[in-house]
Amino acid sequence: MSGHSKWSTIKRKKGVADAKRGAIFTRLAREITIAARDGGDPDTNFRLRLAVEKARAENMPKDNIERAIKKGTGEDKDAAVFEELTLEGYGPHGSAVMVSCVTDNRVRTVSDVRHIFSKFGGNMAEAGAVGWQFDRKCYFSFPASAIAFDKAFELGVEAGADDVVDSGEEIEIFGPVDAFKTIMDTLSKANVQPAEAGLRLISKQEIDLGVEEIMSVMKVVENLEDLDDVQDVYHNVKMSDEALAALENA
């Protein structure tokens, strides 16, 4: 399960090109806008607080954050209307892929995602055809230096987590969706600030592939992640150390 975290770490180490900075801000703004539909106060809207904290971590300007909140609360009457959309597909070598999107044009988004699947040896699937292979979980990751693993494990279990994983440089916590706030509050009381915190799709059973096969699957994942309307991409491929090393050096 720790492959996603390691892949995220690799992307952070590689850095983000200036040309992609705008695309990152676009995704963050959409995430804030969707969250703000349930209220524009981050102190009472937990999802919005997380979205704002993520935006600040990426050095997103304060004005951009405030505009995104106003779009979500309806204060900006001219703002485009966004919707959340989850698309399903098969990548190369029998891999299962879930694509989480936020879009103001469903037809465009579906077309763009279908094109990427087709271009790199996969295909779109009907709703439910792939989704049954994933569970929705709350997820947290933070540097292993922030707290001893034994203590993190203890805190996670007490807060209702399903699993606490030592991934080397990071510690990951997985739990039921309804345990999200409890786990977050527990970490906060322990002065642990997550690098990532949110809800994500976790594969029920990962598949083993060779390095070259994993690289071909990740080609699909990377290209899907580059689409403006795509927020997150999940897959069921077990990320071997060899494959992660190859991705880091690519």
# chains A, B, ... in the order shown; residues from 1 in each chain; ligands from 1
>>> closest_atom_pairs(of="stretch 62-148 of chain A", to="stretch 213-228 of chain A", cutoff="9 Å", atoms="only C-alpha atoms", output="CSV")
residue,atom,partner,partner_atom,distance
A:Gly91,CA,A:Val217,CA,6.0
A:Pro92,CA,A:Val217,CA,5.7
A:His93,CA,A:Glu213,CA,6.9
A:Ser95,CA,A:Val217,CA,7.3
A:Val97,CA,A:Val221,CA,8.2
A:Val99,CA,A:Leu224,CA,7.8
A:Cys101,CA,A:Asp228,CA,8.9
A:Val102,CA,A:Asp228,CA,8.9
A:Thr103,CA,A:Asp228,CA,8.7
A:Thr109,CA,A:Leu227,CA,8.6
A:Asp112,CA,A:Leu227,CA,7.7
A:Val113,CA,A:Leu224,CA,6.7
A:Ile116,CA,A:Leu224,CA,6.5
A:Phe117,CA,A:Val220,CA,6.6
A:Lys119,CA,A:Val220,CA,8.5
A:Phe120,CA,A:Val220,CA,6.0
A:Gly121,CA,A:Val220,CA,8.3
A:Gly122,CA,A:Val220,CA,8.1
>>> write_last_selection(atoms="C-alpha atoms", output="PDB file, in the first residue's frame")
ATOM      1  CA  GLY A  91      -4.235   0.057 -17.858  1.00  0.00           C
ATOM      2  CA  PRO A  92      -1.665  -2.197 -19.547  1.00  0.00           C
ATOM      3  CA  HIS A  93      -1.072  -5.746 -18.252  1.00  0.00           C
ATOM      4  CA  SER A  95      -3.939  -3.174 -14.187  1.00  0.00           C
ATOM      5  CA  VAL A  97      -7.025   2.356 -12.614  1.00  0.00           C
ATOM      6  CA  VAL A  99      -9.284   8.507 -11.935  1.00  0.00           C
ATOM      7  CA  CYS A 101     -11.634  14.393 -11.422  1.00  0.00           C
ATOM      8  CA  VAL A 102     -13.090  17.832 -10.772  1.00  0.00           C
ATOM      9  CA  THR A 103     -14.503  19.384 -13.926  1.00  0.00           C
ATOM     10  CA  THR A 109     -12.974  15.289 -19.181  1.00  0.00           C
ATOM     11  CA  ASP A 112      -9.438  13.420 -22.410  1.00  0.00           C
ATOM     12  CA  VAL A 113      -9.211  10.493 -19.996  1.00  0.00           C
ATOM     13  CA  ILE A 116      -4.918   8.727 -22.507  1.00  0.00           C
ATOM     14  CA  PHE A 117      -6.068   5.200 -21.779  1.00  0.00           C
ATOM     15  CA  LYS A 119      -2.927   6.035 -26.329  1.00  0.00           C
ATOM     16  CA  PHE A 120      -0.983   3.996 -23.775  1.00  0.00           C
ATOM     17  CA  GLY A 121      -2.522   0.566 -24.168  1.00  0.00           C
ATOM     18  CA  GLY A 122      -5.514   0.707 -21.864  1.00  0.00           C
TER      19      GLY A 122
END
>>> closest_residue(among="A:Lys62, A:Lys151, A:Lys204, A:Arg27", to="A:Ala190", atoms="only C-alpha atoms")
A:Lys151
>>> closest_atom_pairs(of="stretch 15-74 of chain A", to="stretch 230-235 of chain A", cutoff="9 Å", atoms="only C-alpha atoms", output="JSON lines")
{"residue": "A:Arg27", "atom": "CA", "partner": "A:Gln231", "partner_atom": "CA", "distance": 6.3}
{"residue": "A:Leu28", "atom": "CA", "partner": "A:Gln231", "partner_atom": "CA", "distance": 8.5}
{"residue": "A:Arg30", "atom": "CA", "partner": "A:Gln231", "partner_atom": "CA", "distance": 8.9}
{"residue": "A:Glu31", "atom": "CA", "partner": "A:Gln231", "partner_atom": "CA", "distance": 8.0}
>>> write_last_selection(atoms="C-alpha atoms", output="CSV table (one decimal), in the first residue's frame")
chain,number,residue,atom,x,y,z
A,27,ARG,CA,-6.1,21.6,-9.2
A,28,LEU,CA,-5.8,23.1,-5.7
A,30,ARG,CA,-10.8,23.3,-7.7
A,31,GLU,CA,-10.3,21.2,-4.6
>>> residues_around(residues="A:Gly175", least_positions_apart="4", cutoff="6 Å", atoms="only C-alpha atoms", output="list in words")
Lys137, Cys138, Ala161 and Asp162 of chain A
>>> atom_distance(atom1="atom CA of A:Asn191", atom2="atom CA of A:Ser145")
12.2 Å
>>> select_by_dssp(residues="stretch 117-201 of chain A", states="helix (DSSP H, G or I)", output="PyMOL selection string")
chain A and resi 117-119+131-133+144-146+149-158+177-189
>>> closest_residue(among="A:Lys71, A:Lys54, A:His115, A:Arg108", to="A:Asp229", atoms="only C-alpha atoms")
A:Arg108
>>> atom_distance(atom1="atom CA of A:Phe134", atom2="atom CA of A:Gly156")
21.7 Å
>>> select_by_dssp(residues="stretch 117-181 of chain A", states="strand (DSSP E or B)", output="ChimeraX atom specification")
/A:123-125,134-143,163-166,170-175
>>> write_last_selection(atoms="C-alpha atoms", output="CSV table (one decimal), in the first residue's frame")
chain,number,residue,atom,x,y,z
A,123,ASN,CA,-9.2,1.4,-22.1
A,124,MET,CA,-12.1,3.0,-20.3
A,125,ALA,CA,-14.4,0.8,-18.3
A,134,PHE,CA,-10.9,-0.6,-4.3
A,135,ASP,CA,-11.9,0.6,-0.8
A,136,ARG,CA,-12.3,4.2,0.1
A,137,LYS,CA,-10.1,4.9,3.1
A,138,CYS,CA,-8.8,7.9,5.1
A,139,TYR,CA,-5.1,8.3,4.6
A,140,PHE,CA,-2.3,10.2,6.3
A,141,SER,CA,1.5,10.3,5.7
A,142,PHE,CA,4.2,12.2,7.6
A,143,PRO,CA,8.0,12.1,7.9
A,163,ASP,CA,-3.2,0.0,9.7
A,164,VAL,CA,0.0,2.0,10.4
A,165,VAL,CA,2.9,1.4,8.0
A,166,ASP,CA,6.6,2.2,8.3
A,170,GLU,CA,7.5,8.2,5.9
A,171,ILE,CA,4.9,6.7,8.2
A,172,GLU,CA,1.5,6.0,6.7
A,173,ILE,CA,-1.9,5.6,8.5
A,174,PHE,CA,-4.9,4.0,6.9
A,175,GLY,CA,-8.4,4.0,8.4
>>> decode(residues="stretch 209-226 of chain A", atoms="N, CA and C atoms", output="compact mmCIF listing (two decimals), in the first residue's frame")
# COMPACT_ATOMS: atom_id res chain seq x y z
N LEU A 209 3.94 -7.13 -11.01
CA LEU A 209 4.39 -7.03 -12.40
C LEU A 209 5.89 -6.80 -12.43
N GLY A 210 6.50 -7.04 -13.57
CA GLY A 210 7.92 -6.77 -13.74
C GLY A 210 8.16 -5.28 -13.88
N VAL A 211 9.43 -4.89 -13.79
CA VAL A 211 9.78 -3.47 -13.83
C VAL A 211 9.29 -2.80 -15.11
N GLU A 212 9.54 -3.41 -16.25
CA GLU A 212 9.13 -2.80 -17.52
C GLU A 212 7.61 -2.69 -17.61
N GLU A 213 6.91 -3.69 -17.09
CA GLU A 213 5.45 -3.66 -17.10
C GLU A 213 4.93 -2.55 -16.19
N ILE A 214 5.56 -2.41 -15.01
CA ILE A 214 5.17 -1.34 -14.09
C ILE A 214 5.41 0.02 -14.73
N MET A 215 6.54 0.16 -15.42
CA MET A 215 6.85 1.43 -16.08
C MET A 215 5.78 1.79 -17.11
N SER A 216 5.26 0.80 -17.82
CA SER A 216 4.24 1.08 -18.82
C SER A 216 2.92 1.49 -18.18
N VAL A 217 2.61 0.89 -17.02
CA VAL A 217 1.40 1.30 -16.29
C VAL A 217 1.56 2.73 -15.78
N MET A 218 2.75 3.03 -15.23
CA MET A 218 2.98 4.36 -14.68
C MET A 218 3.01 5.44 -15.76
N LYS A 219 3.27 5.03 -17.00
CA LYS A 219 3.20 5.98 -18.11
C LYS A 219 1.76 6.47 -18.25
N VAL A 220 0.82 5.55 -18.10
CA VAL A 220 -0.59 5.93 -18.15
C VAL A 220 -0.92 6.84 -16.97
N VAL A 221 -0.47 6.43 -15.78
CA VAL A 221 -0.75 7.20 -14.56
C VAL A 221 -0.20 8.63 -14.68
N GLU A 222 1.05 8.76 -15.11
CA GLU A 222 1.67 10.08 -15.23
C GLU A 222 0.92 10.97 -16.22
N ASN A 223 0.52 10.41 -17.35
CA ASN A 223 -0.18 11.20 -18.35
C ASN A 223 -1.59 11.58 -17.89
N LEU A 224 -2.23 10.70 -17.14
CA LEU A 224 -3.53 11.05 -16.56
C LEU A 224 -3.37 12.17 -15.53
N GLU A 225 -2.32 12.08 -14.72
CA GLU A 225 -2.08 13.09 -13.70
C GLU A 225 -1.79 14.46 -14.31
N ASP A 226 -1.32 14.48 -15.54
CA ASP A 226 -1.01 15.75 -16.21
C ASP A 226 -2.24 16.47 -16.74
